[in-house]
$ cat target-v4.txt   # compact mmCIF, C-alpha atoms
# COMPACT_ATOMS: atom_id res chain seq x y z
CA MET A 1 -98.39 6.17 0.98
CA ALA A 2 -97.18 9.60 -0.14
CA ARG A 3 -93.67 8.46 0.81
CA TRP A 4 -94.24 5.14 -1.02
CA ARG A 5 -95.39 6.94 -4.18
CA ALA A 6 -92.20 9.02 -4.22
CA TYR A 7 -89.85 6.00 -4.19
CA GLY A 8 -89.65 5.43 -7.94
CA LEU A 9 -87.01 2.70 -7.81
CA GLY A 10 -86.95 -0.36 -5.55
CA GLN A 11 -85.04 -3.61 -5.09
CA PHE A 12 -86.37 -7.12 -4.46
CA ILE A 13 -84.25 -9.84 -2.82
CA HIS A 14 -85.17 -13.52 -3.17
CA TRP A 15 -82.89 -15.61 -0.96
CA GLY A 16 -83.22 -18.93 0.79
CA LEU A 17 -82.36 -22.64 0.62
CA TYR A 18 -83.18 -22.70 -3.11
CA SER A 19 -79.98 -20.76 -3.77
CA ILE A 20 -78.02 -23.94 -2.97
CA PRO A 21 -79.30 -26.17 -5.83
CA ALA A 22 -79.51 -22.99 -7.92
CA GLY A 23 -81.92 -24.45 -10.47
CA GLU A 24 -80.16 -27.83 -10.78
CA TRP A 25 -80.66 -31.21 -9.12
CA ASN A 26 -78.44 -34.26 -9.63
CA GLY A 27 -77.04 -32.75 -12.81
CA LYS A 28 -80.45 -31.93 -14.31
CA ILE A 29 -81.59 -28.37 -14.98
CA TYR A 30 -84.98 -27.31 -13.66
CA ASN A 31 -86.80 -25.17 -16.22
CA GLY A 32 -88.94 -23.34 -13.69
CA ALA A 33 -88.05 -20.53 -11.32
CA ALA A 34 -85.24 -21.66 -8.99
CA GLU A 35 -87.23 -21.11 -5.79
CA TRP A 36 -89.89 -23.59 -6.97
CA ILE A 37 -87.48 -26.52 -7.41
CA ARG A 38 -88.89 -28.29 -4.34
CA THR A 39 -92.06 -28.99 -6.36
CA TRP A 40 -90.13 -30.71 -9.18
CA LYS A 41 -90.71 -34.45 -9.52
CA GLU A 42 -86.93 -34.98 -9.44
CA VAL A 43 -86.72 -33.59 -5.89
CA SER A 44 -88.11 -35.24 -2.78
CA PRO A 45 -89.39 -32.90 -0.05
CA GLN A 46 -87.08 -34.58 2.48
CA ALA A 47 -84.01 -34.10 0.30
CA TYR A 48 -84.87 -30.46 -0.28
CA ASP A 49 -85.59 -29.74 3.38
CA SER A 50 -82.23 -31.24 4.33
CA LEU A 51 -80.59 -28.31 2.53
CA ILE A 52 -80.99 -26.49 5.84
CA TYR A 53 -77.85 -28.33 6.98
CA ARG A 54 -75.88 -26.82 4.09
CA PHE A 55 -77.04 -23.22 4.43
CA ASN A 56 -73.95 -21.33 5.56
CA PRO A 57 -73.51 -17.99 3.73
CA ALA A 58 -70.10 -17.21 5.20
CA LYS A 59 -69.56 -14.24 2.84
CA PHE A 60 -72.87 -12.56 3.65
CA ASN A 61 -72.29 -8.85 4.34
CA PRO A 62 -75.56 -6.91 4.69
CA ASP A 63 -73.74 -3.58 4.64
CA SER A 64 -72.28 -4.37 1.21
CA TRP A 65 -75.73 -5.29 -0.14
CA ALA A 66 -77.17 -2.05 1.20
CA ALA A 67 -74.26 -0.07 -0.28
CA VAL A 68 -74.94 -1.59 -3.71
CA ALA A 69 -78.61 -0.62 -3.40
CA LYS A 70 -77.71 2.90 -2.27
CA GLN A 71 -75.38 3.44 -5.24
CA MET A 72 -78.07 2.07 -7.54
CA GLY A 73 -80.48 4.74 -6.33
CA VAL A 74 -82.90 2.38 -4.59
CA LYS A 75 -85.40 3.93 -2.17
CA TYR A 76 -87.03 0.74 -0.84
CA VAL A 77 -86.24 -2.96 -0.69
CA THR A 78 -88.46 -6.03 -0.31
CA ILE A 79 -86.70 -8.95 1.39
CA THR A 80 -87.94 -12.55 1.55
CA THR A 81 -88.34 -13.54 5.20
CA LYS A 82 -89.58 -16.96 4.05
CA HIS A 83 -90.63 -18.28 0.66
CA HIS A 84 -93.08 -21.09 -0.16
CA ASP A 85 -90.60 -23.70 1.11
CA GLY A 86 -91.21 -22.42 4.65
CA PHE A 87 -87.53 -21.82 5.52
CA CYS A 88 -87.29 -18.72 7.71
CA LEU A 89 -84.39 -16.30 7.44
CA TRP A 90 -85.12 -15.15 10.97
CA PRO A 91 -85.05 -17.33 14.12
CA SER A 92 -88.79 -17.79 14.43
CA LYS A 93 -90.02 -19.24 17.72
CA PHE A 94 -92.84 -21.08 15.96
CA THR A 95 -90.89 -23.54 13.77
CA ASP A 96 -87.56 -25.34 13.78
CA PHE A 97 -87.15 -24.75 10.05
CA THR A 98 -85.16 -21.55 10.43
CA VAL A 99 -81.71 -20.12 9.91
CA ALA A 100 -81.04 -20.68 13.62
CA ASN A 101 -80.83 -24.43 12.95
CA SER A 102 -78.57 -24.07 9.92
CA PRO A 103 -74.75 -24.02 10.11
CA TYR A 104 -74.97 -20.22 9.81
CA LYS A 105 -77.15 -20.03 12.94
CA LYS A 106 -77.49 -16.21 12.93
CA ASP A 107 -80.45 -14.01 12.05
CA ILE A 108 -80.40 -12.77 8.44
CA ILE A 109 -83.35 -10.37 8.47
CA GLY A 110 -82.30 -8.23 11.45
CA PRO A 111 -78.87 -7.28 10.04
CA LEU A 112 -80.40 -6.62 6.61
CA VAL A 113 -83.05 -4.32 8.04
CA LYS A 114 -80.40 -2.49 10.07
CA ALA A 115 -78.05 -2.11 7.09
CA TYR A 116 -80.73 -0.79 4.73
CA ASP A 117 -82.18 1.50 7.39
CA LYS A 118 -78.68 2.93 7.88
CA GLN A 119 -78.54 3.79 4.16
CA GLY A 120 -81.95 5.48 4.31
CA ILE A 121 -83.62 2.71 2.30
CA ASP A 122 -87.05 1.63 3.55
CA VAL A 123 -87.59 -2.10 4.13
CA ILE A 124 -90.67 -4.15 3.27
CA LEU A 125 -90.83 -7.75 4.46
CA TYR A 126 -91.89 -10.46 2.00
CA PHE A 127 -93.88 -13.29 3.57
CA SER A 128 -95.31 -16.37 1.87
CA VAL A 129 -98.50 -17.62 3.47
CA MET A 130 -98.17 -20.89 1.56
CA ASP A 131 -95.75 -23.13 3.47
CA TRP A 132 -94.73 -26.44 1.94
CA HIS A 133 -92.80 -27.50 5.05
CA ASN A 134 -95.68 -27.11 7.50
CA PRO A 135 -97.84 -30.29 7.57
CA ASP A 136 -100.92 -28.21 8.45
CA TRP A 137 -100.81 -26.28 5.17
CA GLN A 138 -103.71 -27.31 2.88
CA TYR A 139 -104.38 -26.36 -0.74
CA ASP A 140 -108.12 -26.66 -0.13
CA ILE A 141 -110.38 -27.49 2.77
CA LYS A 142 -112.70 -30.39 1.96
CA THR A 143 -112.92 -32.40 5.18
CA ARG A 144 -113.18 -31.85 8.91
CA ASP A 145 -109.54 -32.93 9.31
CA ASP A 146 -108.52 -30.37 6.69
CA SER A 147 -110.33 -27.69 8.65
CA ILE A 148 -108.74 -28.67 11.97
CA ALA A 149 -105.27 -28.69 10.43
CA PHE A 150 -105.77 -25.37 8.69
CA ASN A 151 -107.05 -23.73 11.84
CA ARG A 152 -103.70 -24.64 13.42
CA PHE A 153 -101.96 -23.23 10.33
CA LYS A 154 -103.84 -19.93 10.57
CA GLN A 155 -102.67 -19.47 14.15
CA PHE A 156 -99.11 -20.34 13.07
CA THR A 157 -99.30 -17.72 10.32
CA ARG A 158 -100.66 -15.10 12.73
CA ASN A 159 -97.90 -15.85 15.22
CA GLN A 160 -95.15 -15.48 12.63
CA LEU A 161 -96.50 -12.22 11.20
CA LEU A 162 -96.88 -10.60 14.61
CA GLU A 163 -93.42 -11.89 15.47
CA LEU A 164 -91.90 -10.22 12.39
CA LEU A 165 -93.60 -6.89 13.10
CA THR A 166 -92.44 -7.03 16.72
CA ARG A 167 -88.84 -8.02 15.95
CA TYR A 168 -88.39 -5.54 13.10
CA PRO A 169 -90.52 -2.50 13.95
CA SER A 170 -88.78 -0.21 11.45
CA ALA A 171 -90.13 -2.24 8.51
CA LYS A 172 -92.55 -0.14 6.47
CA GLY A 173 -94.74 -2.88 5.05
CA LEU A 174 -95.50 -6.52 4.28
CA TRP A 175 -95.40 -8.02 0.76
CA PHE A 176 -97.53 -11.17 0.64
CA ASP A 177 -97.24 -14.17 -1.65
CA GLY A 178 -98.66 -17.69 -1.82
CA THR A 179 -102.22 -16.55 -1.11
CA TRP A 180 -104.01 -17.84 -4.21
CA ASP A 181 -104.99 -21.34 -3.11
CA LYS A 182 -108.60 -22.07 -2.13
CA SER A 183 -107.70 -22.80 1.48
CA TRP A 184 -106.53 -19.22 2.10
CA VAL A 185 -109.04 -17.60 -0.25
CA LYS A 186 -111.80 -19.02 1.95
CA GLN A 187 -110.38 -17.24 5.03
CA ALA A 188 -111.77 -13.77 4.28
CA ALA A 189 -112.96 -13.05 7.80
CA PHE A 190 -109.80 -14.37 9.46
CA ALA A 191 -107.50 -12.48 7.07
CA ASP A 192 -109.48 -9.27 7.52
CA SER A 193 -109.25 -9.60 11.30
CA LEU A 194 -105.52 -10.34 11.12
CA GLU A 195 -104.93 -7.35 8.87
CA THR A 196 -106.71 -5.13 11.39
CA GLU A 197 -104.59 -6.59 14.20
CA MET A 198 -101.33 -6.01 12.29
CA ARG A 199 -102.24 -2.43 11.43
CA LYS A 200 -103.06 -1.74 15.08
CA LEU A 201 -99.71 -3.20 16.17
CA HIS A 202 -97.85 -1.29 13.45
CA PRO A 203 -99.63 1.99 12.55
CA GLY A 204 -98.91 3.07 8.98
CA LEU A 205 -98.13 -0.48 7.85
CA ILE A 206 -98.30 -0.81 4.06
CA ILE A 207 -99.96 -3.98 2.73
CA GLY A 208 -100.47 -4.80 -0.94
CA SER A 209 -103.49 -6.32 -2.64
CA ARG A 210 -102.38 -9.97 -2.38
CA PHE A 211 -103.05 -10.59 1.29
CA ARG A 212 -106.70 -11.49 1.36
CA ALA A 213 -109.74 -12.25 -0.76
CA ASP A 214 -113.22 -10.92 -0.11
CA GLU A 215 -116.08 -13.11 1.13
CA TYR A 216 -116.90 -14.09 -2.47
CA GLY A 217 -113.36 -15.21 -3.27
CA LYS A 218 -112.32 -12.16 -5.29
CA ARG A 219 -108.63 -11.24 -5.06
CA HIS A 220 -106.86 -7.89 -5.52
CA PHE A 221 -110.19 -6.18 -6.23
CA ASP A 222 -113.32 -6.97 -4.25
CA SER A 223 -116.72 -7.81 -5.71
CA ASN A 224 -117.49 -4.09 -6.01
CA GLY A 225 -114.28 -3.49 -7.98
CA ASN A 226 -112.47 -1.74 -5.13
CA LEU A 227 -108.77 -2.35 -4.50
CA MET A 228 -108.08 -4.47 -1.40
CA GLY A 229 -104.91 -3.20 0.21
CA ASP A 230 -102.83 -0.08 -0.12
CA TYR A 231 -101.48 -0.75 -3.63
CA GLU A 232 -102.05 -3.15 -6.51
CA GLN A 233 -99.66 -6.11 -6.72
CA GLY A 234 -100.96 -7.43 -10.02
CA TRP A 235 -98.13 -6.02 -12.16
CA GLU A 236 -95.57 -8.81 -11.79
CA ARG A 237 -93.09 -8.83 -14.68
CA LYS A 238 -95.45 -6.64 -16.71
CA ILE A 239 -96.13 -2.92 -17.01
CA PRO A 240 -99.35 -1.07 -17.88
CA GLU A 241 -99.57 0.47 -21.32
CA LYS A 242 -101.58 3.56 -20.42
CA ILE A 243 -102.66 5.50 -17.36
CA THR A 244 -106.25 4.24 -17.54
CA ASP A 245 -104.98 0.67 -17.00
CA VAL A 246 -104.18 1.44 -13.34
CA HIS A 247 -107.61 2.96 -12.56
CA GLY A 248 -106.12 5.59 -10.27
CA ASN A 249 -104.61 3.00 -7.90
CA ASP A 250 -101.10 2.93 -6.49
CA TRP A 251 -99.05 0.08 -7.93
CA ASP A 252 -95.55 -1.24 -8.50
CA CYS A 253 -93.95 -3.61 -10.99
CA VAL A 254 -91.55 -6.29 -9.75
CA MET A 255 -89.19 -7.40 -12.52
CA THR A 256 -86.63 -10.14 -13.06
CA ILE A 257 -83.44 -9.63 -15.05
CA PRO A 258 -83.75 -12.89 -17.04
CA GLU A 259 -87.14 -14.22 -18.13
CA ASN A 260 -88.37 -15.76 -14.87
CA GLN A 261 -85.66 -16.31 -12.28
CA TRP A 262 -86.15 -14.83 -8.82
CA GLY A 263 -83.94 -16.97 -6.60
CA TYR A 264 -80.33 -17.64 -7.61
CA ALA A 265 -79.93 -19.92 -10.64
CA LYS A 266 -76.55 -20.97 -11.95
CA THR A 267 -77.78 -20.57 -15.52
CA TRP A 268 -79.88 -17.62 -16.59
CA GLN A 269 -82.15 -18.74 -19.41
CA GLY A 270 -83.91 -16.61 -22.02
CA HIS A 271 -83.31 -12.94 -22.73
CA ILE A 272 -81.16 -11.08 -20.21
CA LYS A 273 -82.28 -7.47 -19.87
CA THR A 274 -79.73 -4.70 -20.33
CA ALA A 275 -79.33 -1.63 -18.14
CA ASP A 276 -80.95 0.55 -20.82
CA GLU A 277 -83.96 -1.79 -21.03
CA LEU A 278 -84.37 -1.73 -17.27
CA LEU A 279 -84.05 2.05 -17.16
CA GLU A 280 -86.76 2.34 -19.80
CA MET A 281 -89.01 0.09 -17.69
CA LEU A 282 -88.29 2.34 -14.71
CA ALA A 283 -89.22 5.44 -16.69
CA LYS A 284 -92.40 3.85 -18.02
CA CYS A 285 -93.53 2.79 -14.54
CA VAL A 286 -92.97 6.20 -12.97
CA SER A 287 -94.64 7.93 -15.95
CA LEU A 288 -97.77 5.87 -15.15
CA ASP A 289 -97.81 6.61 -11.40
CA GLY A 290 -96.02 3.40 -10.37
CA ASN A 291 -92.73 2.21 -8.90
CA PHE A 292 -90.25 -0.17 -10.54
CA VAL A 293 -88.68 -2.92 -8.42
CA LEU A 294 -85.70 -4.93 -9.74
CA ASN A 295 -85.07 -8.43 -8.40
CA PHE A 296 -81.76 -9.82 -7.13
CA GLY A 297 -81.11 -13.49 -6.29
CA PRO A 298 -78.03 -13.79 -4.04
CA LYS A 299 -75.72 -16.80 -4.16
CA PRO A 300 -75.66 -19.41 -1.37
CA ASP A 301 -72.40 -17.96 -0.03
CA GLY A 302 -74.10 -14.60 0.57
CA THR A 303 -72.65 -12.66 -2.35
CA LEU A 304 -74.41 -11.01 -5.28
CA ARG A 305 -73.71 -12.35 -8.75
CA ALA A 306 -71.45 -10.31 -11.04
CA GLU A 307 -74.18 -9.66 -13.63
CA GLU A 308 -76.44 -8.10 -10.99
CA LEU A 309 -73.63 -5.95 -9.63
CA SER A 310 -72.80 -4.72 -13.12
CA LEU A 311 -76.41 -3.78 -13.86
CA ALA A 312 -76.80 -2.11 -10.46
CA LYS A 313 -73.69 -0.03 -11.14
CA ALA A 314 -74.91 1.05 -14.59
CA ILE A 315 -78.36 1.96 -13.28
CA GLY A 316 -76.80 3.82 -10.36
CA ASP A 317 -74.49 5.81 -12.65
CA TRP A 318 -77.53 6.94 -14.66
CA MET A 319 -79.56 7.67 -11.54
CA ALA A 320 -76.76 9.81 -10.11
CA VAL A 321 -77.32 12.24 -12.99
CA ASN A 322 -81.05 11.82 -13.61
CA LYS A 323 -82.64 10.88 -10.26
CA GLU A 324 -84.46 14.22 -10.15
CA ALA A 325 -86.67 12.90 -12.96
CA ILE A 326 -87.52 9.69 -11.06
CA TYR A 327 -88.00 10.51 -7.39
CA SER A 328 -91.36 12.11 -6.57
CA GLY A 329 -92.39 11.56 -10.18
CA GLU A 330 -95.93 11.08 -11.45
CA TYR A 331 -98.07 10.97 -14.57
CA ALA A 332 -97.56 14.24 -16.43
CA GLY A 333 -100.75 14.42 -18.49
CA PHE A 334 -98.81 14.84 -21.75
CA ILE A 335 -99.58 12.70 -24.81
CA LYS A 336 -97.12 9.78 -24.99
CA GLN A 337 -94.58 10.02 -27.83
CA ASP A 338 -92.48 7.29 -29.44
CA TRP A 339 -89.16 8.77 -28.27
CA GLY A 340 -89.83 8.02 -24.59
CA TYR A 341 -91.77 9.18 -21.54
CA PHE A 342 -92.97 12.28 -19.74
CA ILE A 343 -92.75 12.48 -15.95
CA LYS A 344 -93.98 15.33 -13.78
CA SER A 345 -92.28 16.19 -10.50
CA THR A 346 -94.61 16.56 -7.54
CA ALA A 347 -91.83 18.54 -5.84
CA SER A 348 -91.25 21.21 -8.50
CA ASN A 349 -94.00 20.77 -11.14
CA LYS A 350 -91.26 20.51 -13.78
CA ILE A 351 -91.84 18.14 -16.69
CA TYR A 352 -89.10 15.68 -17.60
CA MET A 353 -88.65 14.15 -21.04
CA LEU A 354 -86.89 10.78 -20.63
CA VAL A 355 -85.53 10.05 -24.09
CA PHE A 356 -84.78 6.45 -25.08
CA ASN A 357 -85.49 6.30 -28.84
CA ILE A 358 -84.14 9.21 -30.85
CA PRO A 359 -85.88 9.84 -34.22
CA VAL A 360 -83.63 9.95 -37.29
CA SER A 361 -84.75 13.55 -37.75
CA GLY A 362 -83.47 14.51 -34.32
CA LEU A 363 -86.82 16.18 -33.62
CA LEU A 364 -88.66 15.31 -30.42
CA ARG A 365 -92.38 16.02 -30.68
CA VAL A 366 -94.13 17.43 -27.60
CA VAL A 367 -97.88 17.91 -27.38
CA THR A 368 -98.77 19.88 -24.27
CA PRO A 369 -102.08 19.83 -22.41
CA SER A 370 -104.55 22.53 -23.39
CA HIS A 371 -103.50 26.08 -22.45
CA THR A 372 -99.97 24.93 -21.53
CA VAL A 373 -96.91 26.48 -23.19
CA ILE A 374 -93.21 25.61 -22.92
CA ARG A 375 -91.25 28.43 -21.30
CA LYS A 376 -87.85 26.77 -21.20
CA ALA A 377 -86.15 23.49 -22.17
CA TYR A 378 -82.69 22.31 -21.06
CA GLY A 379 -80.71 19.18 -20.33
CA LEU A 380 -80.96 17.76 -16.83
CA ASP A 381 -77.27 16.88 -16.92
CA ASN A 382 -76.37 20.42 -17.99
CA ALA A 383 -78.76 23.28 -17.25
CA ALA A 384 -76.74 25.49 -19.61
CA SER A 385 -77.60 23.27 -22.58
CA ASN A 386 -80.72 25.12 -23.66
CA TYR A 387 -83.07 23.86 -26.34
CA THR A 388 -85.28 26.24 -28.32
CA PRO A 389 -88.75 24.71 -28.66
CA GLU A 390 -90.22 25.23 -32.14
CA GLU A 391 -93.97 25.68 -32.06
CA ILE A 392 -95.37 23.80 -35.06
CA GLY A 393 -99.07 23.82 -34.20
CA ALA A 394 -101.52 24.50 -31.43
CA SER A 395 -99.97 23.03 -28.25
CA THR A 396 -97.45 21.16 -30.43
CA TYR A 397 -93.68 21.65 -30.44
CA PHE A 398 -90.47 20.19 -31.76
CA ILE A 399 -87.42 20.01 -29.51
CA HIS A 400 -84.40 20.06 -31.84
CA LEU A 401 -81.46 17.85 -30.89
CA ASN A 402 -77.91 18.55 -32.02
CA GLN A 403 -77.30 15.34 -33.93
CA GLN A 404 -73.54 15.74 -33.71
CA THR A 405 -73.69 15.57 -29.91
CA THR A 406 -76.66 13.24 -29.44
CA PRO A 407 -76.04 11.05 -26.33
CA LYS A 408 -75.64 7.32 -26.78
CA LYS A 409 -77.41 6.63 -23.48
CA PRO A 410 -80.92 7.54 -22.29
CA PHE A 411 -81.03 11.20 -21.31
CA VAL A 412 -83.42 13.72 -19.81
CA ILE A 413 -84.65 17.13 -20.98
CA VAL A 414 -86.35 19.39 -18.46
CA LEU A 415 -89.38 21.40 -19.54
CA GLU A 416 -90.51 24.40 -17.58
CA THR A 417 -94.06 25.15 -18.60
CA GLY A 418 -96.67 27.77 -17.90
CA GLU A 419 -100.22 28.72 -18.63
CA ALA A 420 -100.87 30.34 -22.00
CA ALA A 421 -101.72 34.04 -21.81
CA LYS A 422 -105.37 34.90 -22.21
CA GLY A 423 -106.28 34.83 -25.88
CA GLN A 424 -103.00 33.10 -26.81
CA THR A 425 -103.89 30.17 -29.07
CA GLY A 426 -100.73 29.88 -31.15
CA GLY A 427 -102.29 31.52 -34.19
CA TYR A 428 -103.10 28.23 -35.87
CA GLU A 429 -106.39 27.26 -37.44
CA LYS A 430 -107.58 23.98 -38.89
CA ALA A 431 -106.91 23.37 -42.56
CA LYS A 432 -109.81 24.09 -44.87
CA THR A 433 -110.64 21.98 -47.90
$ encode --input "target-v4.txt" --output "structure tokens"
Amino acid sequence: MARWRAYGLGQFIHWGLYSIPAGEWNGKIYNGAAEWIRTWKEVSPQAYDSLIYRFNPAKFNPDSWAAVAKQMGVKYVTITTKHHDGFCLWPSKFTDFTVANSPYKKDIIGPLVKAYDKQGIDVILYFSVMDWHNPDWQYDIKTRDDSIAFNRFKQFTRNQLLELLTRYPSAKGLWFDGTWDKSWVKQAAFADSLETEMRKLHPGLIIGSRFRADEYGKRHFDSNGNLMGDYEQGWERKIPEKITDVHGNDWDCVMTIPENQWGYAKTWQGHIKTADELLEMLAKCVSLDGNFVLNFGPKPDGTLRAEELSLAKAIGDWMAVNKEAIYSGEYAGFIKQDWGYFIKSTASNKIYMLVFNIPVSGLLRVVTPSHTVIRKAYGLDNAASNYTPEEIGASTYFIHLNQQTTPKKPFVIVLETGEAAKGQTGGYEKAKT
């Protein structure tokens, strides 16, 4: 988990049969997330499942995907092995609904894991427990027949998970989805036993808080309020506002570029986030002890869309200069200011000011923790660009920006701090009326 905490920036990949309709069916646009189109009344399950015979990503190049992620500054990637539709991107022995029976025929997951491993990017495997294709899947268990069917489904799920961990042993973790329905929530003992089995097979395996419920049906946090899993998965497309919101737990935020599209959609609806917006989300997450994970939805031919490539390039260009402020970053203990975020390096104990909103005055306020003074301030992109902190009150400073040379992009100022000398209080006293 120490390695996981140091990641800072991650990538999510949602890819499967749903990339073929791409949010449209018979000329009509589906308003939900593209990977949920099988549930739309306009789509029959049989018609959707027949998309397996059209899945042939001839332009798929896992090395190019990994190279994009590397340039972007990504430290870990989460890849969908199968989504709720049940289509497996690896040749599972336990179902025919896999890439092996598509025109493409070849394993997708193995080459992706190999390519990302080669770039030094850790891989986490996404797995949906919910499986619309499997007839034994149940949303709830109300009858004896439901129970018999779901017992078969539980064994199927166990088989596939152990298969993934055996086929791809370099994977660092499992990211679970589709675990909210009553049928799975009721399987506390089975899920707990399976988790134990997976961890024994794969020591050090990282599992988030979505996998299982407790015996009273509580998810993410058990009935005593304790986190279930190694990190909290509750921050999907949202970010905490303050450090107390995360209750000392590890967490990450998974974020889409448009409003709510994970799998490939021909048309992105709603607000499309810019590189600067995404970088600010990254900074905010790391400043609150979390990681930020940006989603990509590849096209059916195996390529990444131009908008995603452009954003990845812009983020990567910024990371090339400022990655020191992101990797191994944590909550700094400084009072949040409107201009941006503070991040502390666990590697050097330096404090980084990630500036996104420059005041008209050009003055960046810094309030240090008690007995902490600023020894030195300089630009991360240019250590020779020194700033002279102006002490304006007890533990309070202004960092003066040169407004003629103020950057037009987010930038980082490094603070080297120290402990105030004994008796040093700044010489300020409270105003008297």
$ closest_residue --input "target-v4.txt" --among "A:Trp137, A:Tyr30, A:Tyr168, A:Phe334" --to "Asp85 (chain A)" --atoms "all atoms listed in the file"
A:Trp137
$ atom_distance --input "target-v4.txt" --atom1 "CA of Asn159 (chain A)" --atom2 "CA of Phe94 (chain A)"
7.3 Å
$ closest_residue --input "target-v4.txt" --among "A:Gly290, A:Gly208, A:Pro91, A:Gly333" --to "Gly110 (chain A)" --atoms "only C-alpha atoms"
A:Pro91
$ atom_distance --input "target-v4.txt" --atom1 "CA of Thr244 (chain A)" --atom2 "CA of Lys336 (chain A)"
13.0 Å
$ closest_residue --input "target-v4.txt" --among "A:Tyr116, A:Ala265, A:Ile109, A:Gly173" --to "Gly23 (chain A)" --atoms "all atoms listed in the file"
A:Ala265
$ residues_around --input "target-v4.txt" --residues "Ala22 (chain A)" --least-positions-apart "6" --cutoff "9 Å" --atoms "all atoms listed in the file" --output "mmCIF file with C-alpha atoms, in the frame of the given file"
data_model
loop_
_atom_site.group_PDB
_atom_site.id
_atom_site.type_symbol
_atom_site.label_atom_id
_atom_site.label_comp_id
_atom_site.auth_asym_id
_atom_site.auth_seq_id
_atom_site.Cartn_x
_atom_site.Cartn_y
_atom_site.Cartn_z
ATOM 1 C CA ALA A 34 -85.240 -21.660 -8.990
ATOM 2 C CA GLU A 35 -87.230 -21.110 -5.790
ATOM 3 C CA ILE A 37 -87.480 -26.520 -7.410
ATOM 4 C CA GLY A 263 -83.940 -16.970 -6.600
ATOM 5 C CA TYR A 264 -80.330 -17.640 -7.610
ATOM 6 C CA ALA A 265 -79.930 -19.920 -10.640
ATOM 7 C CA LYS A 266 -76.550 -20.970 -11.950
ATOM 8 C CA THR A 267 -77.780 -20.570 -15.520
ATOM 9 C CA LYS A 299 -75.720 -16.800 -4.160
ATOM 10 C CA PRO A 300 -75.660 -19.410 -1.370
#
$ residues_around --input "target-v4.txt" --residues "Ser287 (chain A)" --least-positions-apart "6" --cutoff "10 Å" --atoms "only C-alpha atoms" --output "mmCIF file with C-alpha atoms, in the frame of the given file"
data_model
loop_
_atom_site.group_PDB
_atom_site.id
_atom_site.type_symbol
_atom_site.label_atom_id
_atom_site.label_comp_id
_atom_site.auth_asym_id
_atom_site.auth_seq_id
_atom_site.Cartn_x
_atom_site.Cartn_y
_atom_site.Cartn_z
ATOM 1 C CA GLY A 8 -89.650 5.430 -7.940
ATOM 2 C CA LYS A 242 -101.580 3.560 -20.420
ATOM 3 C CA ILE A 243 -102.660 5.500 -17.360
ATOM 4 C CA MET A 281 -89.010 0.090 -17.690
ATOM 5 C CA ALA A 325 -86.670 12.900 -12.960
ATOM 6 C CA ILE A 326 -87.520 9.690 -11.060
ATOM 7 C CA GLY A 329 -92.390 11.560 -10.180
ATOM 8 C CA GLU A 330 -95.930 11.080 -11.450
ATOM 9 C CA TYR A 331 -98.070 10.970 -14.570
ATOM 10 C CA ALA A 332 -97.560 14.240 -16.430
ATOM 11 C CA GLY A 333 -100.750 14.420 -18.490
ATOM 12 C CA PHE A 334 -98.810 14.840 -21.750
ATOM 13 C CA LYS A 336 -97.120 9.780 -24.990
ATOM 14 C CA GLY A 340 -89.830 8.020 -24.590
ATOM 15 C CA TYR A 341 -91.770 9.180 -21.540
ATOM 16 C CA PHE A 342 -92.970 12.280 -19.740
ATOM 17 C CA ILE A 343 -92.750 12.480 -15.950
ATOM 18 C CA LYS A 344 -93.980 15.330 -13.780
ATOM 19 C CA TYR A 352 -89.100 15.680 -17.600
ATOM 20 C CA LEU A 354 -86.890 10.780 -20.630
#
$ closest_residue --input "target-v4.txt" --among "A:Tyr139, A:Phe176, A:Trp184, A:Phe156" --to "Thr81 (chain A)" --atoms "all atoms listed in the file"
A:Phe176
$ residues_around --input "target-v4.txt" --residues "Gln71 (chain A)" --least-positions-apart "2" --cutoff "10 Å" --atoms "all atoms listed in the file" --output "list of chain:residue names"
A:Ala66, A:Ala67, A:Val68, A:Ala69, A:Gly73, A:Val74, A:Gln119, A:Ala312, A:Lys313, A:Ala314, A:Ile315, A:Gly316, A:Asp317, A:Met319, A:Ala320
$ write_last_selection --input "target-v4.txt" --atoms "C-alpha atoms" --output "PDB file, in the coordinates of the input"
ATOM      1  CA  ALA A  66     -77.170  -2.050   1.200  1.00  0.00           C
ATOM      2  CA  ALA A  67     -74.260  -0.070  -0.280  1.00  0.00           C
ATOM      3  CA  VAL A  68     -74.940  -1.590  -3.710  1.00  0.00           C
ATOM      4  CA  ALA A  69     -78.610  -0.620  -3.400  1.00  0.00           C
ATOM      5  CA  GLY A  73     -80.480   4.740  -6.330  1.00  0.00           C
ATOM      6  CA  VAL A  74     -82.900   2.380  -4.590  1.00  0.00           C
ATOM      7  CA  GLN A 119     -78.540   3.790   4.160  1.00  0.00           C
ATOM      8  CA  ALA A 312     -76.800  -2.110 -10.460  1.00  0.00           C
ATOM      9  CA  LYS A 313     -73.690  -0.030 -11.140  1.00  0.00           C
ATOM     10  CA  ALA A 314     -74.910   1.050 -14.590  1.00  0.00           C
ATOM     11  CA  ILE A 315     -78.360   1.960 -13.280  1.00  0.00           C
ATOM     12  CA  GLY A 316     -76.800   3.820 -10.360  1.00  0.00           C
ATOM     13  CA  ASP A 317     -74.490   5.810 -12.650  1.00  0.00           C
ATOM     14  CA  MET A 319     -79.560   7.670 -11.540  1.00  0.00           C
ATOM     15  CA  ALA A 320     -76.760   9.810 -10.110  1.00  0.00           C
TER      16      ALA A 320
END
$ residues_near_point --input "target-v4.txt" --point "(-78.7, 11.6, -32.2)" --cutoff "12 Å" --atoms "only C-alpha atoms" --output "NGL selection string"
:A and (339 or 355-364 or 400-411)
